[in-house]
>>> print(open('target.tsv').read())   # TSV, C-alpha atoms and all ligand atoms
chain	number	residue	atom	x	y	z
A	1	MET	CA	-242.85	-55.73	-300.23
A	2	ILE	CA	-240.27	-53.24	-299.03
A	3	ALA	CA	-236.66	-52.78	-300.10
A	4	ASN	CA	-233.63	-51.31	-298.39
A	5	PHE	CA	-230.57	-49.83	-300.08
A	6	VAL	CA	-227.72	-47.48	-299.29
A	7	SER	CA	-226.44	-45.22	-302.05
A	8	THR	CA	-223.75	-42.58	-302.50
A	9	LEU	CA	-224.75	-39.02	-303.43
A	10	ASP	CA	-224.17	-39.94	-307.09
A	11	GLY	CA	-226.36	-43.04	-306.97
A	12	VAL	CA	-223.73	-45.79	-306.63
A	13	VAL	CA	-224.67	-48.81	-304.48
A	14	ALA	CA	-221.49	-50.89	-304.95
A	15	PHE	CA	-217.89	-49.86	-305.59
A	16	ASP	CA	-217.21	-53.29	-307.05
A	17	THR	CA	-213.46	-53.22	-306.44
A	18	ASP	CA	-211.08	-55.41	-304.45
A	19	GLU	CA	-211.34	-52.93	-301.59
A	20	GLY	CA	-214.97	-53.96	-301.11
A	21	SER	CA	-218.11	-54.37	-303.15
A	22	GLY	CA	-220.91	-54.33	-300.59
A	23	GLY	CA	-223.28	-51.79	-299.08
A	24	GLY	CA	-220.96	-51.53	-296.05
A	25	GLU	CA	-218.33	-49.65	-298.06
A	26	VAL	CA	-221.05	-47.38	-299.45
A	27	SER	CA	-222.34	-46.46	-295.99
A	28	GLY	CA	-218.84	-46.44	-294.48
A	29	PHE	CA	-220.27	-49.06	-292.07
A	30	PHE	CA	-222.21	-46.19	-290.48
A	31	ASP	CA	-223.69	-47.43	-287.23
A	32	PRO	CA	-227.19	-45.84	-287.58
A	33	ASP	CA	-227.51	-47.35	-291.07
A	34	ARG	CA	-226.58	-50.79	-289.74
A	35	PHE	CA	-229.13	-50.27	-286.94
A	36	VAL	CA	-231.92	-49.44	-289.41
A	37	MET	CA	-231.02	-52.50	-291.51
A	38	GLY	CA	-231.36	-54.57	-288.34
A	39	LEU	CA	-234.72	-52.98	-287.51
A	40	LEU	CA	-236.12	-53.80	-290.94
A	41	ARG	CA	-234.80	-57.36	-290.72
A	42	THR	CA	-236.39	-57.70	-287.28
A	43	MET	CA	-239.80	-56.83	-288.73
A	44	ALA	CA	-239.49	-59.05	-291.80
A	45	ASP	CA	-240.89	-62.55	-292.20
A	46	ALA	CA	-238.64	-63.13	-295.19
A	47	ILE	CA	-235.59	-61.43	-296.68
A	48	LEU	CA	-235.28	-61.72	-300.44
A	49	VAL	CA	-231.87	-61.37	-302.09
A	50	GLY	CA	-230.39	-62.11	-305.49
A	51	ALA	CA	-227.47	-64.48	-305.92
A	52	GLY	CA	-225.16	-61.62	-306.96
A	53	THR	CA	-225.64	-60.02	-303.55
A	54	VAL	CA	-224.98	-63.33	-301.80
A	55	ARG	CA	-221.81	-63.92	-303.82
A	56	ALA	CA	-220.58	-60.36	-303.09
A	57	ALA	CA	-220.93	-60.93	-299.32
A	58	PRO	CA	-219.23	-64.28	-298.64
A	59	THR	CA	-219.28	-63.93	-294.83
A	60	HIS	CA	-222.71	-62.35	-294.38
A	61	GLU	CA	-225.93	-63.75	-292.90
A	62	TRP	CA	-229.30	-62.09	-293.55
A	63	THR	CA	-230.29	-61.61	-289.91
A	64	ALA	CA	-230.63	-58.60	-287.61
A	65	ARG	CA	-228.08	-60.07	-285.21
A	66	ARG	CA	-225.43	-60.16	-287.93
A	67	VAL	CA	-225.84	-56.60	-289.13
A	68	HIS	CA	-225.95	-54.90	-285.71
A	69	PRO	CA	-224.73	-57.37	-283.07
A	70	GLY	CA	-224.95	-54.85	-280.20
A	71	SER	CA	-228.75	-54.72	-280.60
A	72	ARG	CA	-229.36	-58.46	-280.99
A	73	LEU	CA	-231.20	-58.86	-277.67
A	74	ALA	CA	-233.35	-55.76	-278.21
A	75	TYR	CA	-234.21	-56.94	-281.74
A	76	ALA	CA	-235.15	-60.43	-280.49
A	77	GLU	CA	-237.37	-58.98	-277.77
A	78	TRP	CA	-239.06	-56.60	-280.20
A	79	ARG	CA	-239.67	-59.37	-282.73
A	80	GLU	CA	-241.31	-61.44	-280.03
A	81	ARG	CA	-243.44	-58.45	-278.97
A	82	LEU	CA	-244.53	-57.96	-282.58
A	83	GLY	CA	-245.83	-61.52	-282.45
A	84	ILE	CA	-243.65	-62.84	-285.26
A	85	ARG	CA	-243.45	-66.57	-284.63
A	86	SER	CA	-240.14	-67.39	-286.30
A	87	ALA	CA	-237.01	-66.27	-284.44
A	88	GLN	CA	-235.26	-65.44	-287.73
A	89	PRO	CA	-236.63	-64.31	-291.08
A	90	THR	CA	-236.42	-66.85	-293.87
A	91	THR	CA	-233.70	-65.98	-296.38
A	92	ILE	CA	-235.04	-66.39	-299.92
A	93	VAL	CA	-232.38	-66.34	-302.64
A	94	ALA	CA	-233.13	-65.99	-306.36
A	95	THR	CA	-230.66	-67.68	-308.70
A	96	ALA	CA	-231.15	-68.88	-312.25
A	97	SER	CA	-227.73	-70.53	-312.46
A	98	GLY	CA	-227.69	-72.22	-309.04
A	99	GLY	CA	-224.13	-70.95	-308.69
A	100	LEU	CA	-224.07	-70.62	-304.92
A	101	ASP	CA	-221.74	-72.06	-302.29
A	102	PRO	CA	-223.94	-74.06	-299.87
A	103	SER	CA	-221.40	-73.53	-297.07
A	104	HIS	CA	-221.88	-69.73	-297.29
A	105	PRO	CA	-222.75	-68.65	-293.69
A	106	GLY	CA	-225.89	-66.94	-294.97
A	107	LEU	CA	-227.12	-70.20	-296.47
A	108	SER	CA	-226.03	-72.64	-293.80
A	109	ALA	CA	-226.72	-71.22	-290.30
A	110	PRO	CA	-228.80	-74.02	-288.71
A	111	ASP	CA	-231.38	-71.66	-287.15
A	112	VAL	CA	-232.00	-69.55	-290.28
A	113	PRO	CA	-234.43	-71.11	-292.78
A	114	VAL	CA	-233.34	-70.67	-296.38
A	115	ILE	CA	-235.23	-71.16	-299.63
A	116	ILE	CA	-233.26	-71.06	-302.86
A	117	VAL	CA	-235.57	-70.34	-305.78
A	118	THR	CA	-234.14	-71.40	-309.09
A	119	THR	CA	-234.58	-73.05	-312.49
A	120	GLU	CA	-234.38	-76.79	-313.38
A	121	GLU	CA	-230.78	-76.27	-314.42
A	122	GLY	CA	-229.96	-74.35	-311.23
A	123	ALA	CA	-231.59	-77.04	-309.08
A	124	ALA	CA	-229.43	-79.74	-310.66
A	125	ARG	CA	-226.31	-77.71	-309.98
A	126	LEU	CA	-227.38	-77.03	-306.38
A	127	ALA	CA	-228.23	-80.70	-305.75
A	128	ALA	CA	-224.69	-81.64	-306.76
A	129	ALA	CA	-223.32	-79.01	-304.37
A	130	ARG	CA	-225.50	-80.37	-301.50
A	131	PRO	CA	-227.37	-77.52	-299.73
A	132	ALA	CA	-227.20	-77.43	-295.90
A	133	PRO	CA	-230.11	-79.06	-293.96
A	134	ASN	CA	-231.70	-75.65	-293.19
A	135	ALA	CA	-231.94	-74.87	-296.93
A	136	ARG	CA	-234.42	-76.15	-299.49
A	137	VAL	CA	-234.49	-75.63	-303.20
A	138	GLU	CA	-237.65	-74.66	-305.14
A	139	VAL	CA	-237.82	-74.81	-308.91
A	140	ALA	CA	-239.95	-71.94	-310.19
A	141	GLY	CA	-238.59	-70.89	-313.53
A	142	ALA	CA	-236.77	-71.78	-316.67
A	143	GLY	CA	-233.97	-70.19	-318.66
A	144	ARG	CA	-232.32	-67.13	-317.15
A	145	ARG	CA	-234.98	-65.89	-314.74
A	146	VAL	CA	-237.51	-66.87	-312.11
A	147	PRO	CA	-240.59	-64.68	-312.67
A	148	ALA	CA	-240.77	-62.09	-309.88
A	149	PRO	CA	-244.39	-62.99	-308.91
A	150	LYS	CA	-243.21	-66.57	-308.28
A	151	LEU	CA	-240.78	-65.28	-305.64
A	152	ILE	CA	-243.63	-63.54	-303.85
A	153	GLU	CA	-245.84	-66.62	-304.19
A	154	ILE	CA	-243.16	-68.78	-302.54
A	155	ALA	CA	-242.77	-66.26	-299.71
A	156	GLY	CA	-246.56	-66.35	-299.33
A	157	SER	CA	-246.52	-70.15	-299.13
A	158	ILE	CA	-244.55	-69.94	-295.86
A	159	GLY	CA	-246.97	-67.33	-294.50
A	160	ALA	CA	-244.65	-64.37	-295.03
A	161	GLY	CA	-246.51	-61.08	-294.60
A	162	LEU	CA	-243.68	-58.58	-294.73
A	163	ILE	CA	-241.01	-59.34	-297.32
A	164	LEU	CA	-237.85	-57.24	-297.22
A	165	CYS	CA	-235.79	-57.19	-300.41
A	166	GLU	CA	-232.13	-56.27	-299.89
A	167	GLY	CA	-231.30	-56.30	-303.57
A	168	GLY	CA	-229.35	-56.44	-305.47
A	169	PRO	CA	-229.93	-54.12	-308.38
A	170	HIS	CA	-230.89	-56.80	-310.95
A	171	LEU	CA	-233.42	-58.44	-308.66
A	172	ILE	CA	-234.93	-55.06	-307.76
A	173	GLY	CA	-235.22	-54.35	-311.47
A	174	ASP	CA	-237.34	-57.49	-311.88
A	175	LEU	CA	-239.55	-56.56	-308.92
A	176	LEU	CA	-240.07	-52.98	-310.13
A	177	ARG	CA	-240.86	-54.17	-313.64
A	178	ALA	CA	-243.56	-56.41	-312.18
A	179	GLY	CA	-244.90	-53.55	-310.01
A	180	LEU	CA	-244.26	-55.54	-306.84
A	181	LEU	CA	-242.30	-53.04	-304.78
A	182	ASP	CA	-244.46	-51.10	-302.30
A	183	GLU	CA	-241.84	-49.13	-300.39
A	184	LEU	CA	-238.18	-48.21	-300.59
A	185	PHE	CA	-235.97	-47.37	-297.62
A	186	LEU	CA	-233.00	-45.52	-299.07
A	187	THR	CA	-230.03	-44.29	-297.08
A	188	ILE	CA	-228.00	-41.57	-298.76
A	189	ALA	CA	-224.36	-41.68	-297.65
A	190	PRO	CA	-222.49	-38.38	-298.02
A	191	GLN	CA	-219.78	-39.59	-300.39
A	192	VAL	CA	-219.25	-39.61	-304.17
A	193	ALA	CA	-218.07	-42.79	-305.91
A	194	GLY	CA	-217.97	-41.79	-309.59
A	195	ARG	CA	-217.93	-44.10	-312.61
A	196	ASP	CA	-215.73	-44.61	-315.68
A	197	GLU	CA	-215.20	-47.18	-318.45
A	198	GLY	CA	-213.34	-49.45	-316.03
A	199	ALA	CA	-215.77	-49.05	-313.14
A	200	GLU	CA	-219.37	-49.59	-314.21
A	201	ARG	CA	-220.71	-49.27	-310.62
A	202	PHE	CA	-224.34	-50.18	-310.22
A	203	GLY	CA	-227.18	-47.91	-309.19
A	204	PHE	CA	-229.95	-49.53	-307.21
A	205	VAL	CA	-231.76	-50.66	-310.36
A	206	GLU	CA	-229.90	-52.45	-313.15
A	207	GLY	CA	-230.91	-54.49	-316.18
A	208	LEU	CA	-233.99	-52.40	-316.78
A	209	ALA	CA	-234.51	-48.97	-318.35
A	210	PHE	CA	-237.93	-47.40	-317.97
A	211	SER	CA	-239.20	-44.92	-320.54
A	212	VAL	CA	-240.29	-41.42	-319.54
A	213	ALA	CA	-243.88	-42.61	-319.87
A	214	ASP	CA	-243.64	-45.70	-317.67
A	215	ALA	CA	-241.02	-44.78	-315.05
A	216	PRO	CA	-242.44	-45.40	-311.57
A	217	TRP	CA	-242.81	-42.35	-309.32
A	218	ALA	CA	-242.78	-42.47	-305.54
A	219	GLN	CA	-244.25	-40.54	-302.67
A	220	LEU	CA	-241.99	-39.41	-299.80
A	221	VAL	CA	-243.27	-40.96	-296.56
A	222	SER	CA	-240.54	-39.83	-294.17
A	223	VAL	CA	-237.11	-38.20	-293.98
A	224	ARG	CA	-234.75	-38.71	-291.09
A	225	ARG	CA	-231.21	-37.60	-290.54
A	226	ALA	CA	-228.26	-38.96	-288.59
A	227	GLY	CA	-225.13	-36.86	-288.90
A	228	ASP	CA	-224.61	-36.16	-292.60
A	229	TYR	CA	-226.70	-39.14	-293.75
A	230	LEU	CA	-230.32	-39.06	-294.92
A	231	PHE	CA	-232.76	-41.89	-294.31
A	232	LEU	CA	-235.54	-41.70	-296.89
A	233	ARG	CA	-238.70	-43.75	-297.04
A	234	TYR	CA	-240.68	-43.74	-300.29
A	235	ARG	CA	-243.95	-45.40	-301.26
A	236	PHE	CA	-244.49	-46.29	-304.89
A	237	GLU	CA	-247.67	-44.87	-306.30
A	238	LYS	CA	-249.30	-45.66	-309.59
A	239	ALA	CA	-249.93	-42.03	-310.54
A	240	ARG	CA	-247.35	-39.42	-311.57
A	241	PRO	CA	-247.48	-36.13	-309.71
B	301	LIG	N1	-225.73	-50.69	-301.45
B	301	LIG	C1	-226.68	-51.56	-301.27
B	301	LIG	O1	-227.64	-51.28	-300.53
B	301	LIG	C2	-226.63	-52.90	-301.95
B	301	LIG	C3	-227.69	-53.81	-301.77
B	301	LIG	C4	-227.62	-55.04	-302.43
B	301	LIG	C5	-226.55	-55.33	-303.25
B	301	LIG	N2	-225.56	-54.44	-303.40
B	301	LIG	C6	-224.40	-54.73	-304.26
B	301	LIG	O2	-224.84	-54.98	-305.59
B	301	LIG	C7	-223.89	-55.86	-306.21
B	301	LIG	C8	-224.60	-57.03	-306.85
B	301	LIG	O3	-225.44	-56.56	-307.87
B	301	LIG	P1	-226.33	-57.58	-308.74
B	301	LIG	O4	-227.26	-56.77	-309.55
B	301	LIG	O5	-225.46	-58.59	-309.38
B	301	LIG	O6	-227.13	-58.27	-307.56
B	301	LIG	P2	-228.36	-59.28	-307.56
B	301	LIG	O7	-229.55	-58.69	-308.20
B	301	LIG	O8	-228.45	-59.73	-306.15
B	301	LIG	O9	-227.80	-60.50	-308.38
B	301	LIG	C9	-228.06	-60.78	-309.71
B	301	LIG	C10	-228.15	-62.27	-309.80
B	301	LIG	O10	-229.22	-62.72	-308.94
B	301	LIG	C11	-229.95	-63.72	-309.58
B	301	LIG	N3	-231.27	-63.21	-309.92
B	301	LIG	C12	-231.72	-61.93	-309.81
B	301	LIG	N4	-233.00	-61.85	-310.19
B	301	LIG	C13	-233.36	-63.11	-310.53
B	301	LIG	C14	-234.56	-63.70	-311.00
B	301	LIG	N5	-235.67	-62.98	-311.21
B	301	LIG	N6	-234.56	-65.03	-311.25
B	301	LIG	C15	-233.47	-65.78	-311.05
B	301	LIG	N7	-232.30	-65.29	-310.61
B	301	LIG	C16	-232.27	-63.97	-310.35
B	301	LIG	C17	-229.15	-64.12	-310.80
B	301	LIG	O11	-228.21	-65.07	-310.29
B	301	LIG	P3	-227.45	-66.20	-311.11
B	301	LIG	O12	-226.35	-65.45	-311.81
B	301	LIG	O13	-226.94	-67.14	-310.07
B	301	LIG	O14	-228.43	-66.80	-312.05
B	301	LIG	C18	-228.48	-62.81	-311.17
B	301	LIG	O15	-227.30	-62.97	-311.94
B	301	LIG	C19	-222.96	-56.34	-305.11
B	301	LIG	O16	-221.75	-55.65	-305.20
B	301	LIG	C20	-223.70	-55.99	-303.84
B	301	LIG	O17	-222.87	-55.78	-302.74
B	301	LIG	C21	-225.57	-53.21	-302.78
>>> encode(input="target.tsv", output="structure tokens", more="lines below")
Ligand SMILES: NC(=O)c1ccc[n+]([C@@H]2O[C@H](COP(=O)([O-])OP(=O)(O)OC[C@H]3O[C@@H](n4cnc5c(N)ncnc54)[C@H](OP(=O)(O)O)[C@@H]3O)[C@@H](O)[C@H]2O)c1
Amino acid sequence: MIANFVSTLDGVVAFDTDEGSGGGEVSGFFDPDRFVMGLLRTMADAILVGAGTVRAAPTHEWTARRVHPGSRLAYAEWRERLGIRSAQPTTIVATASGGLDPSHPGLSAPDVPVIIVTTEEGAARLAAARPAPNARVEVAGAGRRVPAPKLIEIAGSIGAGLILCEGGPHLIGDLLRAGLLDELFLTIAPQVAGRDEGAERFGFVEGLAFSVADAPWAQLVSVRRAGDYLFLRYRFEKARP
């Protein structure tokens, strides 16, 4: 599994204000970053997101065409050349509560398969809200979490080889805790967001604090640059340097 995030210089991935709370505001909607997001989505069989990320992006759709429309034809051609049978990656959403709006464009586009993975309680709530015909609900957990390996198992059940996780920070925390993240694509945007008591502002991992002894270390696979932005690719390794 790979993940993709954009962060400010000081490690903030969401401003979480009325002016905008998504990755777009963090990257300044920087075209090369949008293009890379589209590339990764083009290669993915499934895109895994948490419900917090879905709720924070009420007009978004987890497709390459949505994130970089100017490249939609090139992406489609490349996906075909890669031999990926589905035209669009399956969107897999993790939610314990089932608190999602089924008419969200990212959950209801007829040609984008969606699997919502939830708890018994979440499934009951979703059934009452009536998911769109392209979306199905899978119960795979109880209480406040679906175990991270279950999410991978469900992606595997639809034949997904490459799973791209686009966050958010709480879901990534669960995946890292379970040792399921292989690679991280991290864009560093050249701005500083800051934090204070009124603005908690997430880093790319939340809800989990590793100790010095068990913090995962990563190996740098590649560094690229566009303007003042850095595009980093890291592979998680078991051993510390
Ligand atoms: N800069 C970037 O690259 C980037 C990327 C992604 C997100 N973000 C930003 O991050 C913010 C959202 O942060 P977040 O931490 O709330 O996002 P999140 O991890 O997507 O959402 C957390 C919610 O997802 C569900 N969830 C996560 N893991 C689960 C599990 N194992 N089992 C069941 N449900 C699970 C739960 O939903 P329920 O509450 O429904 O149970 C949980 O409350 C947004 O502002 C978003 O724009 C930024």
>>> axis_aligned_box(input="target.tsv", around="range 154-165 of chain A", padding_each_side="8 Å", output="AutoDock Vina command-line options")
--center_x -241.4 --center_y -63.7 --center_z -298.5 --size_x 27.2 --size_y 29.0 --size_z 24.0
>>> residues_near_ligand(input="target.tsv", ligand="ligand LIG 301 (chain B)", cutoff="7 Å", atoms="all atoms listed in the file", output="ChimeraX atom specification")
/A:4-7,13-16,21-23,26,49-54,56-57,94-100,118,144-148,166-172,174,202,206
>>> closest_residue(input="target.tsv", among="A:Gly203, A:Gly198, A:Pro89, A:Pro216", to="Ala178 in chain A", atoms="all atoms listed in the file")
A:Pro216
>>> closest_residue(input="target.tsv", among="A:Thr42, A:Thr59, A:Gln191, A:Ser103", to="Ala87 in chain A", atoms="all atoms listed in the file")
A:Thr42
>>> residues_around(input="target.tsv", residues="Ala218 in chain A", least_positions_apart="4", cutoff="8 Å", atoms="only C-alpha atoms", output="mmCIF file with C-alpha atoms, in the coordinates of the input")
data_model
loop_
_atom_site.group_PDB
_atom_site.id
_atom_site.type_symbol
_atom_site.label_atom_id
_atom_site.label_comp_id
_atom_site.auth_asym_id
_atom_site.auth_seq_id
_atom_site.Cartn_x
_atom_site.Cartn_y
_atom_site.Cartn_z
ATOM 1 C CA TYR A 234 -240.680 -43.740 -300.290
ATOM 2 C CA ARG A 235 -243.950 -45.400 -301.260
ATOM 3 C CA PHE A 236 -244.490 -46.290 -304.890
ATOM 4 C CA GLU A 237 -247.670 -44.870 -306.300
#
>>> build_atoms(input="target.tsv", residues="range 212-233 of chain A", atoms="N, CA and C atoms", output="PDB file, in the frame of the given file")
ATOM      1  N   VAL A 212    -239.725 -42.578-320.255  1.00  0.00           N
ATOM      2  CA  VAL A 212    -240.290 -41.420-319.540  1.00  0.00           C
ATOM      3  C   VAL A 212    -241.736 -41.719-319.172  1.00  0.00           C
ATOM      4  N   ALA A 213    -242.445 -42.379-320.090  1.00  0.00           N
ATOM      5  CA  ALA A 213    -243.880 -42.610-319.870  1.00  0.00           C
ATOM      6  C   ALA A 213    -244.162 -43.644-318.788  1.00  0.00           C
ATOM      7  N   ASP A 214    -243.266 -44.640-318.636  1.00  0.00           N
ATOM      8  CA  ASP A 214    -243.640 -45.700-317.670  1.00  0.00           C
ATOM      9  C   ASP A 214    -242.749 -45.766-316.429  1.00  0.00           C
ATOM     10  N   ALA A 215    -241.873 -44.764-316.247  1.00  0.00           N
ATOM     11  CA  ALA A 215    -241.020 -44.780-315.050  1.00  0.00           C
ATOM     12  C   ALA A 215    -241.872 -44.649-313.788  1.00  0.00           C
ATOM     13  N   PRO A 216    -241.648 -45.515-312.795  1.00  0.00           N
ATOM     14  CA  PRO A 216    -242.440 -45.400-311.570  1.00  0.00           C
ATOM     15  C   PRO A 216    -242.049 -44.168-310.757  1.00  0.00           C
ATOM     16  N   TRP A 217    -243.042 -43.492-310.213  1.00  0.00           N
ATOM     17  CA  TRP A 217    -242.810 -42.350-309.320  1.00  0.00           C
ATOM     18  C   TRP A 217    -243.157 -42.786-307.906  1.00  0.00           C
ATOM     19  N   ALA A 218    -242.561 -42.081-306.939  1.00  0.00           N
ATOM     20  CA  ALA A 218    -242.780 -42.470-305.540  1.00  0.00           C
ATOM     21  C   ALA A 218    -243.170 -41.266-304.704  1.00  0.00           C
ATOM     22  N   GLN A 219    -243.794 -41.593-303.584  1.00  0.00           N
ATOM     23  CA  GLN A 219    -244.250 -40.540-302.670  1.00  0.00           C
ATOM     24  C   GLN A 219    -243.346 -40.598-301.438  1.00  0.00           C
ATOM     25  N   LEU A 220    -242.865 -39.444-300.980  1.00  0.00           N
ATOM     26  CA  LEU A 220    -241.990 -39.410-299.800  1.00  0.00           C
ATOM     27  C   LEU A 220    -242.819 -39.610-298.536  1.00  0.00           C
ATOM     28  N   VAL A 221    -242.508 -40.662-297.782  1.00  0.00           N
ATOM     29  CA  VAL A 221    -243.270 -40.960-296.560  1.00  0.00           C
ATOM     30  C   VAL A 221    -242.570 -40.351-295.347  1.00  0.00           C
ATOM     31  N   SER A 222    -241.247 -40.460-295.291  1.00  0.00           N
ATOM     32  CA  SER A 222    -240.540 -39.830-294.170  1.00  0.00           C
ATOM     33  C   SER A 222    -239.085 -39.552-294.528  1.00  0.00           C
ATOM     34  N   VAL A 223    -238.534 -38.553-293.849  1.00  0.00           N
ATOM     35  CA  VAL A 223    -237.110 -38.200-293.980  1.00  0.00           C
ATOM     36  C   VAL A 223    -236.538 -38.127-292.580  1.00  0.00           C
ATOM     37  N   ARG A 224    -235.446 -38.832-292.365  1.00  0.00           N
ATOM     38  CA  ARG A 224    -234.750 -38.710-291.090  1.00  0.00           C
ATOM     39  C   ARG A 224    -233.293 -38.444-291.362  1.00  0.00           C
ATOM     40  N   ARG A 225    -232.612 -37.958-290.350  1.00  0.00           N
ATOM     41  CA  ARG A 225    -231.210 -37.600-290.540  1.00  0.00           C
ATOM     42  C   ARG A 225    -230.399 -38.113-289.373  1.00  0.00           C
ATOM     43  N   ALA A 226    -229.227 -38.652-289.640  1.00  0.00           N
ATOM     44  CA  ALA A 226    -228.260 -38.960-288.590  1.00  0.00           C
ATOM     45  C   ALA A 226    -226.924 -38.444-289.100  1.00  0.00           C
ATOM     46  N   GLY A 227    -226.352 -37.482-288.411  1.00  0.00           N
ATOM     47  CA  GLY A 227    -225.130 -36.860-288.900  1.00  0.00           C
ATOM     48  C   GLY A 227    -225.361 -36.303-290.290  1.00  0.00           C
ATOM     49  N   ASP A 228    -224.497 -36.670-291.231  1.00  0.00           N
ATOM     50  CA  ASP A 228    -224.610 -36.160-292.600  1.00  0.00           C
ATOM     51  C   ASP A 228    -225.355 -37.114-293.527  1.00  0.00           C
ATOM     52  N   TYR A 229    -225.976 -38.128-292.960  1.00  0.00           N
ATOM     53  CA  TYR A 229    -226.700 -39.140-293.750  1.00  0.00           C
ATOM     54  C   TYR A 229    -228.199 -38.836-293.739  1.00  0.00           C
ATOM     55  N   LEU A 230    -228.857 -39.182-294.848  1.00  0.00           N
ATOM     56  CA  LEU A 230    -230.320 -39.060-294.920  1.00  0.00           C
ATOM     57  C   LEU A 230    -230.936 -40.450-294.987  1.00  0.00           C
ATOM     58  N   PHE A 231    -232.018 -40.628-294.291  1.00  0.00           N
ATOM     59  CA  PHE A 231    -232.760 -41.890-294.310  1.00  0.00           C
ATOM     60  C   PHE A 231    -234.131 -41.590-294.908  1.00  0.00           C
ATOM     61  N   LEU A 232    -234.327 -42.020-296.143  1.00  0.00           N
ATOM     62  CA  LEU A 232    -235.540 -41.700-296.890  1.00  0.00           C
ATOM     63  C   LEU A 232    -236.448 -42.920-296.971  1.00  0.00           C
ATOM     64  N   ARG A 233    -237.728 -42.660-296.862  1.00  0.00           N
ATOM     65  CA  ARG A 233    -238.700 -43.750-297.040  1.00  0.00           C
ATOM     66  C   ARG A 233    -239.696 -43.309-298.107  1.00  0.00           C
TER      67      ARG A 233
END
